[in-house]
Amino acid sequence: MDSCEVAIVGSGFAGSLLARILATLGYEVALLERGTHPRFAIGESSTPLANLSLERLGVRYGFADCYQLSTHGRWLANRPELRRGLKRGFTFYRHQPGEQFADRGLDSERLLVAASPNDALSDTHWLRADVDHHFAREAVAAGVEYRDRTELTGAEFGPSEVRLAGAREGAPFALRARFLVDASGPGGFLARQLAIPSALARTETRSALVFSHFDGVALMQDVVPGLPDGPYSDDWAAVHHIIDEGWMYSLRFDHGITSAGFLLTPRGLASFDEAQRTPDALWHAVLSRYPTLSQAFAGARPTMPIAFRPSIQHRLERAAGNRWLLLPHAFAFADPLFSTGIAWSLHAVERLGLMFEDAKRDGAQVELPELARYEAALIAEADQIDRLVAGAYEAMAHFDLFSAQAMLYFATVSFAEVSQRIAPHDYTAWSGFLGVGDSVLGSLPRESHRRLRAITGGRGELGSADARQEFVDWIAASIAPRNVAGLADPRRHNLYPVDLELLVDRHDLLGLTRDQLVAALPALRGMAPEPQFPARGLETAYSANSRR
Ligand SMILES: Cc1cc2nc3c(=O)[nH]c(=O)nc-3n(C[C@H](O)[C@H](O)[C@H](O)COP(=O)(O)OP(=O)(O)OC[C@H]3O[C@@H](n4cnc5c(N)ncnc54)[C@H](O)[C@@H]3O)c2cc1C
């Protein structure tokens, strides 16, 4: 192949899925990857919004695997060879340096928020080596021309096409494309080619990362036995350990491997001397400050070298232009706190599927106004993620503040999730991610960040008990119009199950009568009839009126 309609650079799950959608729509697509599958990738923990997006992609384009991979139960039943982990929700613990995690019963510094009512409907951690390989293979099966081991060195934009140049396994490589998608993630292919300026200065979040995959990590439930029962078993979740220096993620896969990493704030990192900045030394230095974490990792063995990245944030000024666009992870990344990356990427893939679907039907190119709309959405959403996460970092000073800030995230995503489930429409993916454009939620991350900085002074200070309580109360009042999950309720002691009865009681927040909400419950309980595959596929994709 020396020319194609769309060239996609990067075959992570997002690039491969988009390539497959476009091929299914009838585009000639080339997918170019500098590495080869299977390969390690970071970014593993999915969420209900990610799974809803995957499910919609499955139904719209007739991709049975996407539908099957969107719950743990269906995944196990249909694709057991792809490794994954059960993720029932979000678990948080606050650890204090030099002290065991304090078991204070229901008053422990522990927060559990269930994302699913049972294991079958649960979210998953994706073993990206398997999942990304799967999506790349499916893209090829859909007719995508896939070229791995391709090192691109140039992208020259002419009036009607883009000329890509590089090398593949030692031989020169050249390709002409009418449109170029950059799905290279932090690889930043187009950022370099187009000299797109960095916009990192407009963002707040800063963190370093030390991480690996490990065998033999003990369950927190074994290390701290006797904590009151939560809505699910603590460890089968995205487990977050908040520490003075930042936080740790710990994601357990079903085959016994745990993905774990410390995110360290600049102040946190600076508390280790230069001799401790090698990956192994830093890993052990952080662990050694926290006895309960040390215990959990005492028998753990890394299954690949521990790696260190002094900074993981990136952000660009532009996300799209004439004949090109960036997928979210090529455009911006703030921090993995709250696991926003997969869902955001899948929302973008859905949006682009619709845009290219329209263009195909009209026999036209994707036009600049569409690209400008896509870019504007990404800019607003990247800002929103950054503010929410930066606020959460401020809030780590005190667990009450952190739990309250987390309620802002959970209120936003649970409202979006329920809304999307009960009233799906073709343009669901265009509704703003993380409350962008919502008259209640849209402005809250900025305001909560401002309030938190006023309390902590930006220096991790605890503030007064009154100031903290005022913040907790402000969050509860601010999310109330969207709080369909019973969040920010002190009677829950930070243990939040999925509560459908409460949801029915709060039907009016969703603009529904009680009866209408009761009628929608099967969809919320995952009891809606399963689509038949090939489900709607092309015919429906084309017959749906996909213009806004
Ligand atoms: C530490 C960390 C933890 C994270 N945890 C989570 C999480 O728990 N949940 C979540 O939802 N998100 C998480 N994320 C975000 C998540 O990683 C991304 O959203 C996701 O990987 C985006 O997928 P992608 O396919 O767009 O890009 P990527 O996964 O980045 O894939 C990019 C692909 O492009 C290829 N490539 C790069 N440069 C070139 C080039 N020049 N030419 C050709 N190919 C190229 C790469 O080899 C790779 O295959 C995390 C991110 C980080 C940094």
# chains A, B, ... in the order shown; residues from 1 in each chain; ligands from 1
>>> closest_atom_pairs(of="range 58-156 of chain A", to="range 294-309 of chain A", cutoff="12 Å", atoms="only C-alpha atoms", output="Markdown table")
| residue | atom | partner | partner_atom | distance |
| --- | --- | --- | --- | --- |
| A:His95 | CA | A:Ser294 | CA | 11.5 |
| A:Pro97 | CA | A:Ser294 | CA | 11.3 |
| A:Gly98 | CA | A:Ser294 | CA | 10.5 |
| A:Glu99 | CA | A:Ser294 | CA | 10.9 |
| A:Gln100 | CA | A:Gln295 | CA | 9.5 |
| A:Phe101 | CA | A:Gln295 | CA | 10.7 |
>>> select_by_dssp(residues="range 266-478 of chain A", states="alpha helix (DSSP H)", output="number ranges by chain")
A: 266-270, 279-288, 291-296, 328-331, 341-362, 368-395, 399-422, 444-456, 465-478
>>> closest_atom_pairs(of="chain A", to="ligand 1", cutoff="8 Å", atoms="only C-alpha atoms and all ligand atoms", output="Markdown table")
| residue | atom | partner | partner_atom_place_in_ligand_line | distance |
| --- | --- | --- | --- | --- |
| A:Val9 | CA | ligand 1 | 43 (C) | 4.9 |
| A:Gly10 | CA | ligand 1 | 34 (O) | 3.2 |
| A:Ser11 | CA | ligand 1 | 49 (O) | 4.6 |
| A:Gly12 | CA | ligand 1 | 25 (O) | 3.2 |
| A:Phe13 | CA | ligand 1 | 25 (O) | 4.3 |
| A:Ala14 | CA | ligand 1 | 25 (O) | 3.8 |
| A:Gly15 | CA | ligand 1 | 25 (O) | 5.3 |
| A:Ser16 | CA | ligand 1 | 25 (O) | 7.4 |
| A:Leu32 | CA | ligand 1 | 43 (C) | 5.4 |
| A:Glu33 | CA | ligand 1 | 44 (N) | 3.7 |
| A:Arg34 | CA | ligand 1 | 43 (C) | 3.9 |
| A:Gly35 | CA | ligand 1 | 47 (O) | 5.0 |
| A:Thr36 | CA | ligand 1 | 47 (O) | 7.4 |
| A:Arg39 | CA | ligand 1 | 49 (O) | 7.9 |
| A:Ala41 | CA | ligand 1 | 29 (O) | 6.0 |
| A:Ile42 | CA | ligand 1 | 17 (O) | 5.0 |
| A:Gly43 | CA | ligand 1 | 17 (O) | 3.3 |
| A:Glu44 | CA | ligand 1 | 8 (O) | 4.5 |
| A:Ser45 | CA | ligand 1 | 8 (O) | 3.7 |
| A:Ser46 | CA | ligand 1 | 11 (O) | 5.1 |
| A:Thr47 | CA | ligand 1 | 11 (O) | 7.0 |
| A:Ala50 | CA | ligand 1 | 11 (O) | 7.6 |
| A:His125 | CA | ligand 1 | 8 (O) | 7.6 |
| A:Asp132 | CA | ligand 1 | 25 (O) | 7.9 |
| A:Asp148 | CA | ligand 1 | 43 (C) | 7.8 |
| A:Arg149 | CA | ligand 1 | 43 (C) | 8.0 |
| A:Thr150 | CA | ligand 1 | 43 (C) | 6.4 |
| A:Glu151 | CA | ligand 1 | 42 (N) | 5.8 |
| A:Leu152 | CA | ligand 1 | 42 (N) | 5.7 |
| A:Thr153 | CA | ligand 1 | 41 (N) | 7.9 |
| A:Ala183 | CA | ligand 1 | 26 (O) | 5.3 |
| A:Ser184 | CA | ligand 1 | 34 (O) | 3.4 |
| A:Gly185 | CA | ligand 1 | 30 (O) | 3.6 |
| A:Pro186 | CA | ligand 1 | 30 (O) | 5.9 |
| A:Gly187 | CA | ligand 1 | 38 (N) | 3.7 |
| A:Gly188 | CA | ligand 1 | 38 (N) | 6.2 |
| A:Phe189 | CA | ligand 1 | 41 (N) | 4.6 |
| A:Leu209 | CA | ligand 1 | 1 (C) | 6.5 |
| A:Phe211 | CA | ligand 1 | 1 (C) | 7.8 |
| A:Ala238 | CA | ligand 1 | 8 (O) | 7.6 |
| A:Gly261 | CA | ligand 1 | 1 (C) | 7.3 |
| A:Leu263 | CA | ligand 1 | 1 (C) | 7.8 |
| A:Ile312 | CA | ligand 1 | 53 (C) | 6.0 |
| A:Gln313 | CA | ligand 1 | 53 (C) | 7.9 |
| A:Leu327 | CA | ligand 1 | 26 (O) | 6.0 |
| A:Pro328 | CA | ligand 1 | 26 (O) | 6.4 |
| A:His329 | CA | ligand 1 | 26 (O) | 4.8 |
| A:Ala330 | CA | ligand 1 | 26 (O) | 6.6 |
| A:Phe333 | CA | ligand 1 | 53 (C) | 7.2 |
| A:Asp335 | CA | ligand 1 | 52 (C) | 6.5 |
| A:Pro336 | CA | ligand 1 | 4 (C) | 4.4 |
| A:Leu337 | CA | ligand 1 | 5 (N) | 7.5 |
| A:Phe338 | CA | ligand 1 | 9 (N) | 7.4 |
| A:Ser339 | CA | ligand 1 | 9 (N) | 3.7 |
| A:Thr340 | CA | ligand 1 | 11 (O) | 4.6 |
| A:Gly341 | CA | ligand 1 | 19 (O) | 3.3 |
| A:Ile342 | CA | ligand 1 | 11 (O) | 3.5 |
| A:Ala343 | CA | ligand 1 | 11 (O) | 5.7 |
| A:Trp344 | CA | ligand 1 | 19 (O) | 7.0 |
| A:Ser345 | CA | ligand 1 | 19 (O) | 5.9 |
>>> write_last_selection(atoms="C-alpha atoms", output="CSV table (one decimal), in the first residue's frame")
chain,number,residue,atom,x,y,z
A,9,VAL,CA,-0.1,6.5,14.0
A,10,GLY,CA,0.0,4.3,17.1
A,11,SER,CA,-1.8,1.0,17.8
A,12,GLY,CA,-2.8,1.3,21.4
A,13,PHE,CA,-6.4,0.2,22.0
A,14,ALA,CA,-7.6,3.7,20.9
A,15,GLY,CA,-5.8,3.8,17.6
A,16,SER,CA,-6.7,0.2,16.8
A,32,LEU,CA,1.3,2.4,11.8
A,33,GLU,CA,3.1,1.2,15.0
A,34,ARG,CA,6.7,1.7,15.9
A,35,GLY,CA,6.7,-1.3,18.3
A,36,THR,CA,5.1,-4.6,18.0
A,39,ARG,CA,3.9,-5.3,24.4
A,41,ALA,CA,1.4,-0.6,28.2
A,42,ILE,CA,0.4,1.4,31.2
A,43,GLY,CA,-3.2,2.6,31.9
A,44,GLU,CA,-5.1,-0.4,32.9
A,45,SER,CA,-8.1,0.4,35.1
A,46,SER,CA,-11.4,0.8,33.3
A,47,THR,CA,-14.5,2.5,34.7
A,50,ALA,CA,-15.4,3.4,29.7
A,125,HIS,CA,-8.4,-3.9,34.8
A,132,ASP,CA,-4.2,-4.0,22.9
A,148,ASP,CA,4.3,-2.5,13.0
A,149,ARG,CA,8.1,-1.9,13.6
A,150,THR,CA,7.6,1.3,11.5
A,151,GLU,CA,9.7,4.3,12.6
A,152,LEU,CA,8.2,7.4,11.1
A,153,THR,CA,10.6,10.4,10.6
A,183,ALA,CA,-2.8,7.9,18.4
A,184,SER,CA,0.8,7.8,19.6
A,185,GLY,CA,0.0,8.8,23.1
A,186,PRO,CA,2.9,10.5,24.9
A,187,GLY,CA,5.0,9.3,21.9
A,188,GLY,CA,4.0,12.7,20.6
A,189,PHE,CA,4.5,12.0,16.9
A,209,LEU,CA,6.0,7.9,38.7
A,211,PHE,CA,6.1,1.5,38.9
A,238,ALA,CA,-8.6,0.1,41.9
A,261,GLY,CA,3.0,2.5,41.1
A,263,LEU,CA,2.8,9.0,42.0
A,312,ILE,CA,4.3,12.1,33.4
A,313,GLN,CA,2.3,15.2,32.4
A,327,LEU,CA,-6.5,11.3,20.2
A,328,PRO,CA,-6.8,12.4,23.8
A,329,HIS,CA,-3.7,10.6,25.1
A,330,ALA,CA,-1.6,12.2,22.4
A,333,PHE,CA,-2.3,13.6,30.2
A,335,ASP,CA,-2.5,11.9,36.2
A,336,PRO,CA,-4.1,8.4,36.7
A,337,LEU,CA,-6.0,9.4,39.8
A,338,PHE,CA,-9.6,8.6,39.1
A,339,SER,CA,-8.8,6.5,36.0
A,340,THR,CA,-10.1,8.9,33.5
A,341,GLY,CA,-7.8,8.0,30.5
A,342,ILE,CA,-9.5,4.9,29.0
A,343,ALA,CA,-13.0,6.4,29.2
A,344,TRP,CA,-11.9,9.7,27.8
A,345,SER,CA,-10.1,8.0,24.9
>>> residues_around(residues="Gly154 in chain A", least_positions_apart="4", cutoff="7 Å", atoms="only C-alpha atoms", output="list in words")
Leu164, Ala165, Gly166 and Gln193 of chain A
>>> write_last_selection(atoms="all heavy atoms", output="PDB file, in the first residue's frame")
ATOM      1  N   LEU A 164       3.829  10.659   4.554  1.00  0.00           N
ATOM      2  CA  LEU A 164       4.570  10.128   5.705  1.00  0.00           C
ATOM      3  C   LEU A 164       5.813   9.425   5.196  1.00  0.00           C
ATOM      4  O   LEU A 164       5.779   8.726   4.170  1.00  0.00           O
ATOM      5  CB  LEU A 164       3.703   9.109   6.463  1.00  0.00           C
ATOM      6  CG  LEU A 164       2.497   9.681   7.194  1.00  0.00           C
ATOM      7  CD1 LEU A 164       1.580   8.563   7.664  1.00  0.00           C
ATOM      8  CD2 LEU A 164       2.942  10.525   8.376  1.00  0.00           C
ATOM      9  N   ALA A 165       6.897   9.615   5.938  1.00  0.00           N
ATOM     10  CA  ALA A 165       8.149   8.959   5.549  1.00  0.00           C
ATOM     11  C   ALA A 165       8.782   8.347   6.777  1.00  0.00           C
ATOM     12  O   ALA A 165       8.579   8.809   7.905  1.00  0.00           O
ATOM     13  CB  ALA A 165       9.087   9.976   4.920  1.00  0.00           C
ATOM     14  N   GLY A 166       9.544   7.290   6.547  1.00  0.00           N
ATOM     15  CA  GLY A 166      10.226   6.649   7.664  1.00  0.00           C
ATOM     16  C   GLY A 166      10.911   5.391   7.201  1.00  0.00           C
ATOM     17  O   GLY A 166      11.307   5.280   6.022  1.00  0.00           O
ATOM     18  N   GLN A 193       6.240  16.717  14.642  1.00  0.00           N
ATOM     19  CA  GLN A 193       6.210  17.010  13.208  1.00  0.00           C
ATOM     20  C   GLN A 193       5.636  18.394  12.920  1.00  0.00           C
ATOM     21  O   GLN A 193       6.094  19.078  12.028  1.00  0.00           O
ATOM     22  CB  GLN A 193       5.374  15.942  12.468  1.00  0.00           C
ATOM     23  CG  GLN A 193       5.952  14.556  12.537  1.00  0.00           C
ATOM     24  CD  GLN A 193       7.369  14.493  11.988  1.00  0.00           C
ATOM     25  OE1 GLN A 193       7.690  15.168  11.021  1.00  0.00           O
ATOM     26  NE2 GLN A 193       8.228  13.706  12.611  1.00  0.00           N
TER      27      GLN A 193
END
>>> closest_residue(among="A:His134, A:Ser311, A:Arg506, A:Ser288", to="His37 in chain A", atoms="only C-alpha atoms")
A:His134
>>> residues_around(residues="range 1-3 of chain A", least_positions_apart="3", cutoff="9 Å", atoms="only C-alpha atoms", output="list of chain:residue names")
A:Val6, A:Ala7, A:Glu28, A:Ala30, A:Glu145, A:Arg163, A:Phe173, A:Ala174, A:Leu175, A:Arg176, A:Ala177, A:Arg178
>>> write_last_selection(atoms="all heavy atoms", output="compact mmCIF listing (two decimals), in the first residue's frame")
# COMPACT_ATOMS: atom_id res chain seq x y z
N VAL A 6 -7.05 7.19 5.43
CA VAL A 6 -6.72 7.63 6.80
C VAL A 6 -5.52 6.83 7.30
O VAL A 6 -5.54 5.59 7.27
CB VAL A 6 -7.90 7.43 7.77
CG1 VAL A 6 -7.55 7.99 9.15
CG2 VAL A 6 -9.17 8.07 7.24
N ALA A 7 -4.50 7.53 7.75
CA ALA A 7 -3.37 6.86 8.40
C ALA A 7 -3.47 7.15 9.90
O ALA A 7 -3.73 8.30 10.30
CB ALA A 7 -2.05 7.38 7.85
N GLU A 28 -10.29 3.27 3.56
CA GLU A 28 -9.00 2.57 3.45
C GLU A 28 -8.12 3.12 4.56
O GLU A 28 -7.82 4.33 4.59
CB GLU A 28 -8.33 2.95 2.13
CG GLU A 28 -8.61 2.02 0.98
CD GLU A 28 -7.78 2.49 -0.20
OE1 GLU A 28 -8.26 3.44 -0.88
OE2 GLU A 28 -6.68 1.98 -0.42
N ALA A 30 -4.63 2.80 7.17
CA ALA A 30 -3.33 2.21 7.54
C ALA A 30 -3.08 2.51 9.01
O ALA A 30 -3.33 3.64 9.48
CB ALA A 30 -2.23 2.82 6.69
N GLU A 145 -4.82 -2.01 7.07
CA GLU A 145 -3.42 -2.35 6.73
C GLU A 145 -2.56 -1.98 7.93
O GLU A 145 -2.44 -0.81 8.28
CB GLU A 145 -2.96 -1.53 5.52
CG GLU A 145 -3.60 -1.95 4.22
CD GLU A 145 -2.95 -3.21 3.63
OE1 GLU A 145 -1.80 -3.53 4.00
OE2 GLU A 145 -3.62 -3.87 2.81
N ARG A 163 2.13 13.36 3.43
CA ARG A 163 3.13 12.36 3.02
C ARG A 163 3.92 11.95 4.25
O ARG A 163 4.58 12.79 4.88
CB ARG A 163 4.09 12.96 1.98
CG ARG A 163 3.46 13.14 0.63
CD ARG A 163 4.39 13.93 -0.31
NE ARG A 163 3.74 14.09 -1.59
CZ ARG A 163 3.80 13.19 -2.57
NH1 ARG A 163 4.49 12.07 -2.42
NH2 ARG A 163 3.17 13.39 -3.71
N PHE A 173 10.28 3.65 4.16
CA PHE A 173 8.82 3.50 4.20
C PHE A 173 8.20 4.83 3.79
O PHE A 173 8.63 5.90 4.25
CB PHE A 173 8.38 3.14 5.63
CG PHE A 173 6.90 3.09 5.81
CD1 PHE A 173 6.20 1.93 5.56
CD2 PHE A 173 6.20 4.23 6.20
CE1 PHE A 173 4.81 1.89 5.73
CE2 PHE A 173 4.82 4.20 6.37
CZ PHE A 173 4.13 3.02 6.13
N ALA A 174 7.22 4.79 2.90
CA ALA A 174 6.54 6.03 2.49
C ALA A 174 5.05 5.73 2.31
O ALA A 174 4.67 4.64 1.89
CB ALA A 174 7.11 6.55 1.18
N LEU A 175 4.22 6.68 2.70
CA LEU A 175 2.77 6.49 2.59
C LEU A 175 2.11 7.85 2.40
O LEU A 175 2.45 8.82 3.09
CB LEU A 175 2.25 5.83 3.88
CG LEU A 175 0.76 5.54 3.93
CD1 LEU A 175 0.39 4.36 3.02
CD2 LEU A 175 0.34 5.20 5.37
N ARG A 176 1.14 7.90 1.48
CA ARG A 176 0.35 9.12 1.32
C ARG A 176 -1.02 8.88 1.93
O ARG A 176 -1.60 7.81 1.74
CB ARG A 176 0.21 9.48 -0.16
CG ARG A 176 1.52 10.01 -0.76
CD ARG A 176 1.39 10.28 -2.24
NE ARG A 176 1.31 9.05 -3.00
CZ ARG A 176 0.28 8.69 -3.77
NH1 ARG A 176 -0.77 9.48 -3.90
NH2 ARG A 176 0.29 7.56 -4.42
N ALA A 177 -1.52 9.84 2.67
CA ALA A 177 -2.84 9.69 3.30
C ALA A 177 -3.61 10.99 3.14
O ALA A 177 -3.02 12.07 3.12
CB ALA A 177 -2.68 9.36 4.78
N ARG A 178 -4.93 10.86 3.06
CA ARG A 178 -5.72 12.09 2.96
C ARG A 178 -5.98 12.69 4.34
O ARG A 178 -6.31 13.86 4.47
CB ARG A 178 -7.04 11.80 2.24
CG ARG A 178 -6.79 11.40 0.78
CD ARG A 178 -8.06 11.12 0.03
NE ARG A 178 -8.87 12.31 -0.20
CZ ARG A 178 -8.60 13.22 -1.12
NH1 ARG A 178 -7.55 13.10 -1.89
NH2 ARG A 178 -9.40 14.26 -1.28
>>> residues_around(residues="His425 in chain A", least_positions_apart="4", cutoff="10 Å", atoms="only C-alpha atoms", output="count of residues only")
5
>>> residues_around(residues="range 385-401 of chain A", least_positions_apart="4", cutoff="8 Å", atoms="only C-alpha atoms", output="VMD selection string")
chain A and resid 94 109 203 to 205 242 to 244 246 334 to 335 337 to 338 340 381 405 to 406 409 434 445 to 446 448 to 450 452 to 453 456 458 460 to 462 468 471 to 472
>>> select_by_dssp(residues="range 315-481 of chain A", states="strand (DSSP E or B)", output="number ranges by chain")
A: 315-316, 320-321, 324-326, 332-333
>>> write_last_selection(atoms="all heavy atoms", output="compact mmCIF listing (two decimals), in the first residue's frame")
# COMPACT_ATOMS: atom_id res chain seq x y z
N ARG A 315 0.79 18.21 27.70
CA ARG A 315 -0.40 18.94 27.24
C ARG A 315 0.02 19.80 26.05
O ARG A 315 1.08 20.43 26.10
CB ARG A 315 -0.92 19.83 28.38
CG ARG A 315 -2.04 20.79 28.02
CD ARG A 315 -3.32 20.04 27.69
NE ARG A 315 -4.31 20.96 27.18
CZ ARG A 315 -5.23 21.56 27.94
NH1 ARG A 315 -5.28 21.30 29.24
NH2 ARG A 315 -6.08 22.41 27.41
N LEU A 316 -0.79 19.78 25.00
CA LEU A 316 -0.45 20.55 23.80
C LEU A 316 -1.44 21.69 23.60
O LEU A 316 -2.54 21.68 24.17
CB LEU A 316 -0.45 19.63 22.58
CG LEU A 316 0.60 18.51 22.63
CD1 LEU A 316 0.43 17.56 21.44
CD2 LEU A 316 2.01 19.06 22.66
N ALA A 320 -6.36 19.45 16.86
CA ALA A 320 -6.82 19.11 15.51
C ALA A 320 -6.55 20.28 14.57
O ALA A 320 -6.40 21.43 15.01
CB ALA A 320 -8.32 18.81 15.53
N GLY A 321 -6.49 19.98 13.29
CA GLY A 321 -6.30 21.01 12.26
C GLY A 321 -6.66 20.41 10.92
O GLY A 321 -7.20 19.29 10.86
N TRP A 324 -5.73 16.66 10.10
CA TRP A 324 -5.11 15.91 11.20
C TRP A 324 -5.87 16.11 12.51
O TRP A 324 -6.57 17.10 12.69
CB TRP A 324 -3.64 16.32 11.40
CG TRP A 324 -3.44 17.75 11.79
CD1 TRP A 324 -3.29 18.82 10.95
CD2 TRP A 324 -3.37 18.30 13.13
NE1 TRP A 324 -3.14 19.99 11.67
CE2 TRP A 324 -3.18 19.69 13.00
CE3 TRP A 324 -3.46 17.74 14.41
CZ2 TRP A 324 -3.07 20.53 14.11
CZ3 TRP A 324 -3.34 18.58 15.52
CH2 TRP A 324 -3.15 19.96 15.35
N LEU A 325 -5.70 15.15 13.39
CA LEU A 325 -6.20 15.29 14.76
C LEU A 325 -5.41 14.37 15.70
O LEU A 325 -4.75 13.44 15.24
CB LEU A 325 -7.70 14.99 14.84
CG LEU A 325 -8.19 13.59 14.48
CD1 LEU A 325 -8.06 12.62 15.64
CD2 LEU A 325 -9.65 13.67 14.05
N LEU A 326 -5.50 14.70 16.97
CA LEU A 326 -4.83 13.91 18.00
C LEU A 326 -5.89 13.18 18.82
O LEU A 326 -6.92 13.77 19.16
CB LEU A 326 -4.05 14.80 18.97
CG LEU A 326 -3.09 15.84 18.39
CD1 LEU A 326 -2.50 16.68 19.52
CD2 LEU A 326 -1.97 15.16 17.62
N ALA A 332 -3.07 15.21 25.73
CA ALA A 332 -2.90 15.64 27.12
C ALA A 332 -2.91 14.45 28.05
O ALA A 332 -3.61 13.46 27.80
CB ALA A 332 -4.04 16.59 27.51
N PHE A 333 -2.16 14.55 29.11
CA PHE A 333 -2.32 13.60 30.22
C PHE A 333 -2.00 14.33 31.51
O PHE A 333 -1.01 15.03 31.61
CB PHE A 333 -1.40 12.38 30.06
CG PHE A 333 -1.62 11.38 31.17
CD1 PHE A 333 -2.80 10.65 31.21
CD2 PHE A 333 -0.70 11.24 32.20
CE1 PHE A 333 -3.05 9.76 32.26
CE2 PHE A 333 -0.94 10.35 33.24
CZ PHE A 333 -2.11 9.61 33.27
>>> closest_residue(among="A:Ala120, A:Leu111, A:Ala404, A:Ala23", to="Leu69 in chain A", atoms="only C-alpha atoms")
A:Ala120
>>> atom_distance(atom1="CA of Val413 in chain A", atom2="CA of Ser478 in chain A")
14.8 Å
>>> residues_around(residues="Ser70 in chain A", least_positions_apart="3", cutoff="7 Å", atoms="only C-alpha atoms", output="list in words")
Asn51, Leu54, Glu55, Cys66 and Tyr67 of chain A
>>> atom_distance(atom1="CA of Arg20 in chain A", atom2="CA of His347 in chain A")
15.4 Å
>>> atom_distance(atom1="CA of Val239 in chain A", atom2="CA of Pro481 in chain A")
28.5 Å
>>> closest_residue(among="A:Ile479, A:Leu264, A:Leu219, A:Ala115", to="Leu524 in chain A", atoms="only C-alpha atoms")
A:Ala115
